[in-house]
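> Coordinates in run_3.tsv, TSV, C-alpha atoms and all ligand atoms, are listed below.
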chain	number	residue	atom	x	y	z
A	20	MET	CA	-7.53	-113.16	-11.16
A	21	ASP	CA	-10.08	-112.96	-13.92
A	22	LYS	CA	-7.99	-113.35	-17.06
A	23	ARG	CA	-10.77	-112.23	-19.35
A	24	MET	CA	-10.33	-108.89	-21.09
A	25	LYS	CA	-13.72	-107.24	-21.13
A	26	ILE	CA	-14.05	-104.58	-23.80
A	27	LEU	CA	-17.17	-102.52	-24.28
A	28	VAL	CA	-17.56	-101.09	-27.77
A	29	LEU	CA	-19.64	-97.93	-28.15
A	30	PRO	CA	-19.77	-97.22	-31.91
A	31	GLY	CA	-21.86	-94.04	-31.59
A	32	ASP	CA	-22.81	-91.87	-34.54
A	33	GLY	CA	-21.74	-90.83	-38.04
A	34	VAL	CA	-18.52	-92.58	-39.03
A	35	GLY	CA	-18.27	-94.12	-35.53
A	36	PRO	CA	-19.69	-97.55	-36.47
A	37	GLU	CA	-17.50	-97.71	-39.59
A	38	VAL	CA	-14.27	-97.15	-37.67
A	39	THR	CA	-15.13	-99.39	-34.71
A	40	SER	CA	-15.99	-102.29	-36.99
A	41	GLU	CA	-12.49	-102.12	-38.55
A	42	ALA	CA	-11.02	-101.89	-35.06
A	43	LEU	CA	-12.96	-105.03	-34.11
A	44	LYS	CA	-11.31	-106.92	-36.96
A	45	VAL	CA	-7.97	-106.00	-35.38
A	46	ILE	CA	-9.09	-107.05	-31.89
A	47	ASN	CA	-10.24	-110.42	-33.23
A	48	VAL	CA	-7.03	-111.20	-35.04
A	49	ILE	CA	-4.91	-110.09	-32.07
A	50	SER	CA	-7.04	-112.26	-29.81
A	51	LYS	CA	-6.29	-115.33	-31.97
A	52	ILE	CA	-2.57	-114.67	-32.37
A	53	TYR	CA	-1.96	-114.06	-28.66
A	54	ASN	CA	-4.50	-116.60	-27.49
A	55	LEU	CA	-6.40	-114.03	-25.42
A	56	ASN	CA	-9.72	-114.41	-23.72
A	57	ILE	CA	-11.46	-111.26	-24.95
A	58	ASP	CA	-15.08	-110.61	-24.17
A	59	ILE	CA	-16.72	-107.98	-26.44
A	60	GLN	CA	-19.96	-106.23	-25.58
A	61	GLU	CA	-21.64	-103.45	-27.50
A	62	GLY	CA	-23.65	-100.55	-26.15
A	63	PHE	CA	-25.68	-97.50	-27.13
A	64	PHE	CA	-24.03	-94.15	-26.61
A	65	GLY	CA	-24.42	-90.68	-28.12
A	66	GLY	CA	-27.06	-89.86	-30.72
A	67	VAL	CA	-28.03	-93.49	-31.30
A	68	ALA	CA	-28.82	-93.71	-27.56
A	69	VAL	CA	-30.86	-90.50	-27.76
A	70	ASP	CA	-32.88	-92.09	-30.58
A	71	LYS	CA	-33.50	-95.26	-28.59
A	72	PHE	CA	-33.74	-94.10	-24.97
A	73	GLY	CA	-34.07	-90.32	-25.12
A	74	PHE	CA	-30.65	-89.78	-23.49
A	75	PRO	CA	-27.06	-89.98	-24.74
A	76	PHE	CA	-25.73	-92.00	-21.79
A	77	PRO	CA	-28.49	-94.47	-20.79
A	78	GLU	CA	-28.60	-96.67	-17.67
A	79	GLU	CA	-28.16	-99.79	-19.77
A	80	THR	CA	-24.78	-98.52	-20.99
A	81	LYS	CA	-23.74	-97.48	-17.47
A	82	ASN	CA	-24.41	-101.02	-16.28
A	83	LYS	CA	-22.35	-102.49	-19.10
A	84	ILE	CA	-19.46	-100.22	-18.14
A	85	ASN	CA	-19.51	-101.62	-14.60
A	86	ASN	CA	-18.79	-104.99	-16.12
A	87	SER	CA	-15.92	-103.98	-18.40
A	88	ASP	CA	-12.20	-103.17	-18.24
A	89	ALA	CA	-12.03	-100.73	-21.11
A	90	ILE	CA	-14.20	-98.90	-23.61
A	91	LEU	CA	-13.57	-98.49	-27.31
A	92	LEU	CA	-15.55	-95.50	-28.54
A	93	GLY	CA	-16.25	-94.45	-32.13
A	94	ALA	CA	-17.59	-90.91	-32.25
A	95	VAL	CA	-20.72	-89.05	-31.17
A	96	GLY	CA	-22.81	-86.19	-32.46
A	97	GLY	CA	-24.66	-85.00	-35.53
A	98	ALA	CA	-26.62	-82.00	-36.82
A	99	LYS	CA	-29.98	-83.49	-35.87
A	100	TYR	CA	-29.01	-83.45	-32.16
A	101	ASP	CA	-27.61	-79.92	-32.07
A	102	ILE	CA	-31.03	-78.40	-31.46
A	103	LEU	CA	-31.78	-80.61	-28.44
A	104	PRO	CA	-31.58	-79.29	-24.87
A	105	LYS	CA	-28.17	-79.67	-23.26
A	106	GLU	CA	-28.96	-82.84	-21.26
A	107	LYS	CA	-29.90	-84.64	-24.47
A	108	LYS	CA	-26.92	-83.66	-26.57
A	109	PRO	CA	-24.50	-86.49	-27.47
A	110	GLU	CA	-21.52	-84.33	-26.38
A	111	THR	CA	-23.08	-84.03	-22.90
A	112	GLY	CA	-23.06	-87.83	-22.70
A	113	LEU	CA	-19.36	-87.86	-23.55
A	114	LEU	CA	-18.55	-85.30	-20.85
A	115	GLU	CA	-20.66	-87.22	-18.33
A	116	LEU	CA	-18.81	-90.43	-19.20
A	117	ARG	CA	-15.44	-88.73	-18.65
A	118	LYS	CA	-16.59	-87.19	-15.37
A	119	GLN	CA	-18.32	-90.26	-13.93
A	120	LEU	CA	-15.33	-92.49	-14.56
A	121	ASN	CA	-12.97	-89.73	-13.39
A	122	LEU	CA	-10.91	-89.99	-16.59
A	123	PHE	CA	-8.65	-87.07	-15.76
A	124	ILE	CA	-5.72	-88.23	-17.91
A	125	ASN	CA	-6.13	-87.76	-21.63
A	126	ILE	CA	-3.21	-88.99	-23.70
A	127	ARG	CA	-2.95	-87.79	-27.29
A	128	PRO	CA	0.16	-89.05	-29.09
A	129	ILE	CA	1.14	-87.03	-32.16
A	130	ILE	CA	3.08	-89.54	-34.19
A	131	SER	CA	4.02	-88.57	-37.70
A	132	PHE	CA	4.82	-91.61	-39.82
A	133	SER	CA	7.63	-90.94	-42.25
A	134	GLU	CA	5.46	-92.61	-44.92
A	135	LEU	CA	3.02	-89.69	-44.57
A	136	ALA	CA	5.57	-86.89	-44.51
A	137	ASN	CA	4.16	-85.58	-47.79
A	138	SER	CA	0.51	-85.81	-46.75
A	139	SER	CA	0.69	-82.83	-44.40
A	140	SER	CA	0.49	-79.15	-45.31
A	141	ILE	CA	3.65	-78.68	-43.20
A	142	LYS	CA	7.01	-79.23	-44.93
A	143	SER	CA	8.25	-82.77	-44.47
A	144	GLU	CA	11.57	-81.92	-42.76
A	145	TYR	CA	9.64	-80.41	-39.83
A	146	ILE	CA	7.52	-83.45	-39.17
A	147	GLU	CA	9.38	-86.52	-40.31
A	148	ASN	CA	9.45	-89.06	-37.45
A	149	LEU	CA	7.90	-86.56	-35.08
A	150	ASP	CA	6.76	-88.08	-31.79
A	151	ILE	CA	5.02	-85.80	-29.27
A	152	VAL	CA	2.52	-86.62	-26.54
A	153	ILE	CA	-0.09	-84.13	-25.41
A	154	ILE	CA	-1.37	-84.81	-21.90
A	155	ARG	CA	-4.68	-83.05	-21.58
A	156	GLU	CA	-6.49	-82.65	-18.24
A	157	LEU	CA	-9.94	-83.99	-19.02
A	158	VAL	CA	-12.38	-83.52	-16.14
A	159	GLY	CA	-11.80	-79.95	-14.97
A	160	GLY	CA	-11.35	-76.41	-16.24
A	161	LEU	CA	-13.87	-74.51	-18.34
A	162	TYR	CA	-15.66	-77.66	-19.47
A	163	PHE	CA	-16.92	-78.42	-15.96
A	164	GLY	CA	-16.40	-75.29	-13.83
A	165	GLU	CA	-19.34	-73.92	-11.87
A	166	PRO	CA	-21.08	-71.52	-11.95
A	167	ARG	CA	-22.06	-71.75	-15.58
A	168	GLY	CA	-25.13	-70.92	-17.59
A	169	PHE	CA	-27.27	-68.21	-19.11
A	170	ASN	CA	-28.82	-65.30	-17.24
A	171	ASN	CA	-32.60	-65.08	-16.94
A	172	ASP	CA	-33.35	-63.43	-20.27
A	173	ASN	CA	-30.60	-65.24	-22.18
A	174	THR	CA	-28.72	-62.05	-22.96
A	175	GLU	CA	-25.59	-63.15	-21.16
A	176	ALA	CA	-23.79	-66.43	-20.60
A	177	PHE	CA	-20.86	-67.47	-18.42
A	178	ASN	CA	-18.46	-70.32	-17.74
A	179	THR	CA	-15.86	-70.71	-15.05
A	180	MET	CA	-12.29	-71.86	-15.42
A	181	ARG	CA	-11.32	-73.45	-12.12
A	182	TYR	CA	-8.59	-75.82	-10.91
A	183	ASN	CA	-7.36	-76.69	-7.45
A	184	ASN	CA	-3.86	-77.81	-6.52
A	185	SER	CA	-4.65	-81.48	-6.30
A	186	GLU	CA	-6.23	-81.52	-9.76
A	187	VAL	CA	-3.13	-79.88	-11.22
A	188	ASN	CA	-0.83	-82.15	-9.26
A	189	ARG	CA	-2.35	-85.44	-10.36
A	190	ILE	CA	-2.23	-84.64	-14.08
A	191	SER	CA	1.25	-83.10	-13.86
A	192	GLU	CA	2.50	-86.07	-11.90
A	193	TYR	CA	1.38	-88.31	-14.75
A	194	ALA	CA	3.15	-86.05	-17.26
A	195	PHE	CA	6.39	-85.98	-15.24
A	196	LYS	CA	6.39	-89.78	-14.97
A	197	LEU	CA	5.78	-90.15	-18.69
A	198	SER	CA	8.60	-87.69	-19.46
A	199	LYS	CA	10.90	-89.77	-17.30
A	200	LYS	CA	10.22	-92.78	-19.53
A	201	ARG	CA	10.75	-90.71	-22.70
A	202	ASN	CA	13.15	-87.85	-23.44
A	203	LYS	CA	12.96	-86.16	-20.01
A	204	LYS	CA	11.52	-83.00	-21.49
A	205	LEU	CA	8.21	-81.55	-20.35
A	206	CYS	CA	6.47	-78.37	-21.48
A	207	SER	CA	3.57	-77.10	-19.39
A	208	VAL	CA	1.21	-74.88	-21.38
A	209	ASP	CA	-0.85	-72.16	-19.73
A	210	LYS	CA	-1.90	-68.51	-19.98
A	211	ALA	CA	-0.26	-67.30	-16.77
A	212	ASN	CA	0.22	-63.78	-18.12
A	213	VAL	CA	-3.55	-63.27	-17.86
A	214	LEU	CA	-5.35	-66.04	-15.93
A	215	GLU	CA	-5.15	-66.68	-12.19
A	216	VAL	CA	-5.97	-70.33	-12.84
A	217	SER	CA	-2.83	-70.55	-14.97
A	218	GLN	CA	-0.76	-68.83	-12.26
A	219	LEU	CA	-1.87	-71.49	-9.79
A	220	TRP	CA	-1.20	-74.16	-12.40
A	221	ARG	CA	2.34	-72.92	-12.97
A	222	LEU	CA	3.13	-72.70	-9.25
A	223	ALA	CA	1.89	-76.23	-8.68
A	224	VAL	CA	3.88	-77.63	-11.62
A	225	ASN	CA	7.04	-75.84	-10.44
A	226	LYS	CA	6.61	-77.18	-6.92
A	227	LEU	CA	6.13	-80.72	-8.22
A	228	SER	CA	9.18	-80.41	-10.45
A	229	GLU	CA	11.35	-80.46	-7.29
A	230	ASN	CA	10.59	-84.19	-7.17
A	231	TYR	CA	11.78	-84.61	-10.76
A	232	PRO	CA	15.18	-82.89	-10.92
A	233	ASP	CA	16.17	-84.87	-14.03
A	234	ILE	CA	13.26	-83.55	-16.09
A	235	ASP	CA	13.87	-80.48	-18.20
A	236	LEU	CA	10.69	-78.50	-17.46
A	237	SER	CA	9.59	-75.45	-19.43
A	238	HIS	CA	6.46	-73.29	-19.44
A	239	MET	CA	4.83	-71.77	-22.49
A	240	TYR	CA	1.83	-69.52	-23.04
A	241	VAL	CA	-0.87	-71.26	-25.04
A	242	ASP	CA	-0.94	-68.75	-27.90
A	243	ASN	CA	2.79	-69.15	-28.39
A	244	ALA	CA	2.51	-72.94	-28.03
A	245	ALA	CA	-0.03	-73.03	-30.86
A	246	MET	CA	2.42	-71.17	-33.06
A	247	GLN	CA	5.46	-73.20	-31.98
A	248	LEU	CA	3.63	-76.47	-32.66
A	249	VAL	CA	3.44	-75.68	-36.35
A	250	GLN	CA	6.62	-73.61	-36.64
A	251	ASN	CA	9.05	-75.92	-34.88
A	252	PRO	CA	7.22	-79.02	-33.59
A	253	LYS	CA	10.34	-81.08	-32.90
A	254	GLN	CA	11.23	-78.90	-29.90
A	255	PHE	CA	8.44	-80.69	-27.98
A	256	ASP	CA	8.37	-84.08	-26.34
A	257	VAL	CA	5.64	-84.19	-23.66
A	258	ILE	CA	3.17	-81.33	-23.31
A	259	VAL	CA	0.84	-81.04	-20.31
A	260	THR	CA	-2.07	-78.63	-20.28
A	261	GLU	CA	-5.58	-77.91	-19.05
A	262	ASN	CA	-8.76	-79.17	-20.68
A	263	LEU	CA	-9.70	-76.52	-23.27
A	264	PHE	CA	-6.11	-75.67	-24.23
A	265	GLY	CA	-5.47	-79.39	-24.78
A	266	ASP	CA	-8.57	-79.71	-26.92
A	267	ILE	CA	-7.46	-76.92	-29.21
A	268	LEU	CA	-3.76	-77.79	-29.33
A	269	SER	CA	-4.42	-81.42	-30.20
A	270	ASP	CA	-6.47	-80.44	-33.26
A	271	ILE	CA	-3.67	-78.12	-34.37
A	272	ALA	CA	-1.12	-80.87	-33.77
A	273	SER	CA	-3.11	-83.35	-35.87
A	274	VAL	CA	-2.08	-81.38	-38.96
A	275	LEU	CA	1.48	-82.54	-38.27
A	276	THR	CA	0.49	-86.17	-38.78
A	277	GLY	CA	-1.13	-85.60	-42.16
A	278	SER	CA	-4.73	-86.05	-41.04
A	279	ILE	CA	-6.92	-85.90	-37.98
A	280	GLY	CA	-7.86	-89.44	-39.06
A	281	MET	CA	-4.48	-90.64	-37.72
A	282	LEU	CA	-4.81	-89.54	-34.08
A	283	PRO	CA	-5.78	-92.01	-31.36
A	284	SER	CA	-6.39	-91.16	-27.71
A	285	ALA	CA	-6.65	-92.75	-24.31
A	286	SER	CA	-8.56	-91.33	-21.37
A	287	LEU	CA	-7.59	-92.93	-18.08
A	288	ASN	CA	-8.42	-92.76	-14.41
A	289	ASP	CA	-6.16	-93.73	-11.52
A	290	LYS	CA	-7.37	-97.36	-11.73
A	291	ASN	CA	-6.20	-97.79	-15.32
A	292	PHE	CA	-9.73	-97.98	-16.61
A	293	GLY	CA	-9.68	-96.40	-20.03
A	294	VAL	CA	-11.84	-95.01	-22.78
A	295	TYR	CA	-10.06	-95.27	-26.10
A	296	GLU	CA	-11.22	-93.24	-29.07
A	297	PRO	CA	-10.04	-91.47	-32.20
A	298	ILE	CA	-9.78	-87.72	-31.59
A	299	HIS	CA	-11.84	-86.95	-34.69
A	300	GLY	CA	-15.59	-86.43	-34.52
A	301	SER	CA	-18.52	-88.20	-36.16
A	302	ALA	CA	-17.85	-86.52	-39.55
A	303	PRO	CA	-21.47	-86.67	-40.78
A	304	ASP	CA	-20.42	-85.28	-44.18
A	305	ILE	CA	-18.56	-88.49	-45.05
A	306	ALA	CA	-20.51	-91.02	-42.95
A	307	GLY	CA	-21.79	-94.16	-44.65
A	308	GLN	CA	-19.47	-93.84	-47.63
A	309	ASN	CA	-16.76	-96.28	-46.54
A	310	ILE	CA	-14.08	-93.61	-46.98
A	311	VAL	CA	-13.24	-92.59	-43.41
A	312	ASN	CA	-9.74	-93.42	-42.17
A	313	PRO	CA	-9.97	-96.16	-39.50
A	314	ILE	CA	-6.31	-95.83	-38.42
A	315	ALA	CA	-7.01	-93.46	-35.50
A	316	THR	CA	-9.39	-96.05	-34.03
A	317	ILE	CA	-7.06	-98.97	-34.77
A	318	LEU	CA	-4.24	-97.12	-33.02
A	319	SER	CA	-6.67	-96.50	-30.15
A	320	VAL	CA	-6.97	-100.29	-29.88
A	321	ALA	CA	-3.17	-100.41	-29.67
A	322	MET	CA	-3.30	-97.88	-26.82
A	323	LEU	CA	-5.97	-99.98	-25.11
A	324	PHE	CA	-3.66	-102.99	-24.98
A	325	GLN	CA	-0.75	-100.77	-23.95
A	326	ASN	CA	-2.46	-98.94	-21.11
A	327	THR	CA	-5.32	-100.99	-19.68
A	328	PHE	CA	-3.80	-104.44	-20.26
A	329	ASN	CA	-0.13	-103.48	-20.07
A	330	ARG	CA	0.66	-105.32	-23.33
A	331	LEU	CA	3.42	-103.27	-24.93
A	332	ASP	CA	4.15	-106.16	-27.28
A	333	ILE	CA	0.65	-105.91	-28.77
A	334	TYR	CA	0.90	-102.12	-28.98
A	335	ASP	CA	4.14	-102.46	-30.95
A	336	HIS	CA	2.68	-105.18	-33.15
A	337	ILE	CA	-0.30	-103.03	-34.21
A	338	LEU	CA	1.77	-99.87	-34.66
A	339	LYS	CA	4.29	-101.69	-36.81
A	340	SER	CA	1.55	-103.22	-38.96
A	341	VAL	CA	0.01	-99.80	-39.62
A	342	LYS	CA	3.40	-98.44	-40.58
A	343	LEU	CA	4.05	-101.32	-42.99
A	344	VAL	CA	0.66	-100.90	-44.66
A	345	LEU	CA	1.43	-97.22	-45.24
A	346	LYS	CA	4.84	-98.22	-46.54
A	347	ASP	CA	3.09	-100.50	-49.05
A	348	GLY	CA	1.44	-97.35	-50.37
A	349	MET	CA	-2.04	-98.05	-49.05
A	350	TYR	CA	-3.86	-94.84	-48.16
A	351	THR	CA	-7.39	-93.78	-47.38
A	352	LYS	CA	-8.55	-90.64	-49.13
A	353	ASP	CA	-7.61	-88.20	-46.35
A	354	ILE	CA	-3.92	-89.20	-46.34
A	355	SER	CA	-3.38	-90.11	-49.98
A	356	PRO	CA	-0.71	-88.02	-51.70
A	357	ASN	CA	-2.27	-88.84	-55.09
A	358	ASP	CA	-5.71	-89.82	-56.40
A	359	LYS	CA	-5.26	-93.51	-55.58
A	360	ASN	CA	-6.92	-94.59	-52.37
A	361	ILE	CA	-8.53	-97.53	-50.63
A	362	SER	CA	-11.75	-97.71	-48.62
A	363	THR	CA	-12.27	-97.88	-44.88
A	364	SER	CA	-12.89	-101.63	-44.92
A	365	GLU	CA	-9.97	-102.29	-47.26
A	366	MET	CA	-7.69	-100.40	-44.87
A	367	GLY	CA	-9.01	-102.54	-41.99
A	368	ASP	CA	-8.35	-105.69	-44.03
A	369	CYS	CA	-4.84	-104.60	-45.05
A	370	ILE	CA	-3.91	-103.91	-41.43
A	371	THR	CA	-5.33	-107.20	-40.10
A	372	GLU	CA	-3.52	-109.09	-42.88
A	373	LYS	CA	-0.27	-107.34	-41.97
A	374	ILE	CA	-0.77	-108.17	-38.30
A	375	LYS	CA	-1.01	-111.85	-39.27
A	376	VAL	CA	1.96	-111.73	-41.64
A	377	ILE	CA	4.37	-110.28	-39.10
A	378	ALA	CA	3.09	-112.34	-36.16
B	1	LIG	C1	-12.55	-84.04	-28.19
B	1	LIG	C2	-13.86	-83.50	-28.66
B	1	LIG	C3	-14.78	-83.28	-27.46
B	1	LIG	C4	-14.12	-82.29	-26.54
B	1	LIG	C5	-16.21	-82.85	-27.83
B	1	LIG	C6	-16.87	-83.79	-28.80
B	1	LIG	C7	-17.07	-82.68	-26.59
B	1	LIG	O1	-13.67	-82.32	-29.38
B	1	LIG	O2	-12.54	-85.13	-27.57
B	1	LIG	O3	-11.50	-83.42	-28.43
B	1	LIG	O4	-14.28	-81.06	-26.73
B	1	LIG	O5	-13.43	-82.70	-25.62
B	2	MN	MN	-11.56	-81.79	-29.70
Represent the supplied structure as structure tokens.


Amino acid sequence: MDKRMKILVLPGDGVGPEVTSEALKVINVISKIYNLNIDIQEGFFGGVAVDKFGFPFPEETKNKINNSDAILLGAVGGAKYDILPKEKKPETGLLELRKQLNLFINIRPIISFSELANSSSIKSEYIENLDIVIIRELVGGLYFGEPRGFNNDNTEAFNTMRYNNSEVNRISEYAFKLSKKRNKKLCSVDKANVLEVSQLWRLAVNKLSENYPDIDLSHMYVDNAAMQLVQNPKQFDVIVTENLFGDILSDIASVLTGSIGMLPSASLNDKNFGVYEPIHGSAPDIAGQNIVNPIATILSVAMLFQNTFNRLDIYDHILKSVKLVLKDGMYTKDISPNDKNISTSEMGDCITEKIKVIA
């Protein structure tokens, strides 16, 4: 077997290049410590690809993907692209990437480090050592449902929320299996009091639960789940939900960690190919200032080793290093409890140093 680990880095727009370059420092030091054969390529994706090729997801990048095992993505988008037609918008490129690679599993861990318990607007006792995973279905639902569009004179617009049984089954199956490895508690979030799609979703999840008698399954309406996530987050362990609900709930949940700059994600298909990215956007308002928090992207690197390369040891190593750096009192601006903070590149350096020290 080819022992090389081929990683394609797509820095993208705004703060994207700043966070991926810190993540690359981490990949390089991990590669040395564990004696890995890592092959890094870079590609154009998002607004920078629109500037160069006229499209957010150019052929050149598609070809590079065919020759890689995993993608590390920064962020895409920016005001200058918002006025473009849909097929040229950076976000359209991101959705096309998810769809083409069939990345139906989106994993968003909500880990609240005790060192940041005072950085959140939620009282510390509710979030200290919190560890939740949101499993978001990523290639169906309202984001992709047909028909969609505007009517002829642009006075009306419509989208379709649509799921079939097999789409619900494959994402729920993943969530059940993950729950089995964790605290055996799964909450499926829907809006079954109103939406037929959610009624089908709930039936399918209930049917599947017969295969997982040891998992404590519950169902919750999405409006209530949004409230419960901030009111009593520790009641949750694994949450599984459809595309748009998962998008919204994961932003809400990021508040529990102190900053959206702390949240990594993995998007996987059934072949373990993954796109790893911070859940935050391109943050044009702070781009180029060396102040963005690179931890979400560095933790995405940890998830890359964990999921695509099955290296739990490396995942633990990176996670522990981040925790120790926070313990040392090193904070970027977004998570600092006082007016002392370090820059993006200093945070990257602190974490790589720590990775070496505890190796
Ligand atoms: C996310 C983002 C994307 C989404 C956008 C940029 C298309 O908000 O990954 O959560 O809505 O899925
Ligand atoms: Mn989002």

> For ligand MN 2 (chain B), return the neighbouring residues as a ChimeraX atom specification (distance at most 9 Å; all atoms listed in the file).

/A:263,265-270,298-300

> I'd like the contact shell of stretch 166-168 of chain A - 10 Å cut-off, all atoms listed in the file, skipping same-chain residues fewer than 6 positions apart - returned as a PyMOL selection string.

chain A and resi 175-181

> Which protein, DNA or RNA residues are at most 7 Å from (-3.3, -100.2, -44.9) in the file's coordinates when you count only C-alpha atoms, listed as a PDB file with C-alpha atoms, in the coordinates of the input?


ATOM      1  CA  VAL A 341       0.010 -99.800 -39.620  1.00  0.00           C
ATOM      2  CA  VAL A 344       0.660-100.900 -44.660  1.00  0.00           C
ATOM      3  CA  LEU A 345       1.430 -97.220 -45.240  1.00  0.00           C
ATOM      4  CA  MET A 349      -2.040 -98.050 -49.050  1.00  0.00           C
ATOM      5  CA  TYR A 350      -3.860 -94.840 -48.160  1.00  0.00           C
ATOM      6  CA  MET A 366      -7.690-100.400 -44.870  1.00  0.00           C
ATOM      7  CA  GLY A 367      -9.010-102.540 -41.990  1.00  0.00           C
ATOM      8  CA  CYS A 369      -4.840-104.600 -45.050  1.00  0.00           C
ATOM      9  CA  ILE A 370      -3.910-103.910 -41.430  1.00  0.00           C
TER      10      ILE A 370
END

> Pull the closest atom pair for each residue of stretch 111-150 of chain A that gets at most 12 Å from stretch 195-208 of chain A, along with the distance in Å to one decimal, counting only C-alpha atoms, ordering rows by chain and then ascending residue number, as a Markdown table.


| residue | atom | partner | partner_atom | distance |
| --- | --- | --- | --- | --- |
| A:Ile124 | CA | A:Leu197 | CA | 11.7 |
| A:Ile126 | CA | A:Leu197 | CA | 10.4 |
| A:Pro128 | CA | A:Leu197 | CA | 11.9 |
| A:Asp150 | CA | A:Arg201 | CA | 10.3 |

> Please determine the residues with any atom at most 12 Å from (-17.4, -81.3, -40.6) (coordinates as given in the file, with all atoms listed in the file counting) and report them as a list in words.

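Within 12 Å of (-17.4, -81.3, -40.6), the protein and nucleic acid residues are Gly33, Val34, Gly96, Gly97, Ala98, Ile279, His299, Gly300, Ser301, Ala302, Pro303, Asp304, Ile305 and Ala306 of chain A.
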
> Taking all listed atoms of ligand LIG 1 (chain B), build the axis-aligned box, pad each of the six sides by 6 Å, then write its centre and edge lengths in Å to one decimal as AutoDock Vina command-line options.


--center_x -14.3 --center_y -83.1 --center_z -27.5 --size_x 17.6 --size_y 16.1 --size_z 15.8

> Can you tell me, as a tab-separated table (two decimals) with C-alpha atoms, in the frame of the given file, what residues are no more than 7 Å from A:Thr316 when counting only C-alpha atoms, ignoring any on the same chain fewer than 5 positions away?


chain	number	residue	atom	x	y	z
A	38	VAL	CA	-14.27	-97.15	-37.67
A	39	THR	CA	-15.13	-99.39	-34.71
A	42	ALA	CA	-11.02	-101.89	-35.06
A	283	PRO	CA	-5.78	-92.01	-31.36
A	296	GLU	CA	-11.22	-93.24	-29.07
A	297	PRO	CA	-10.04	-91.47	-32.20
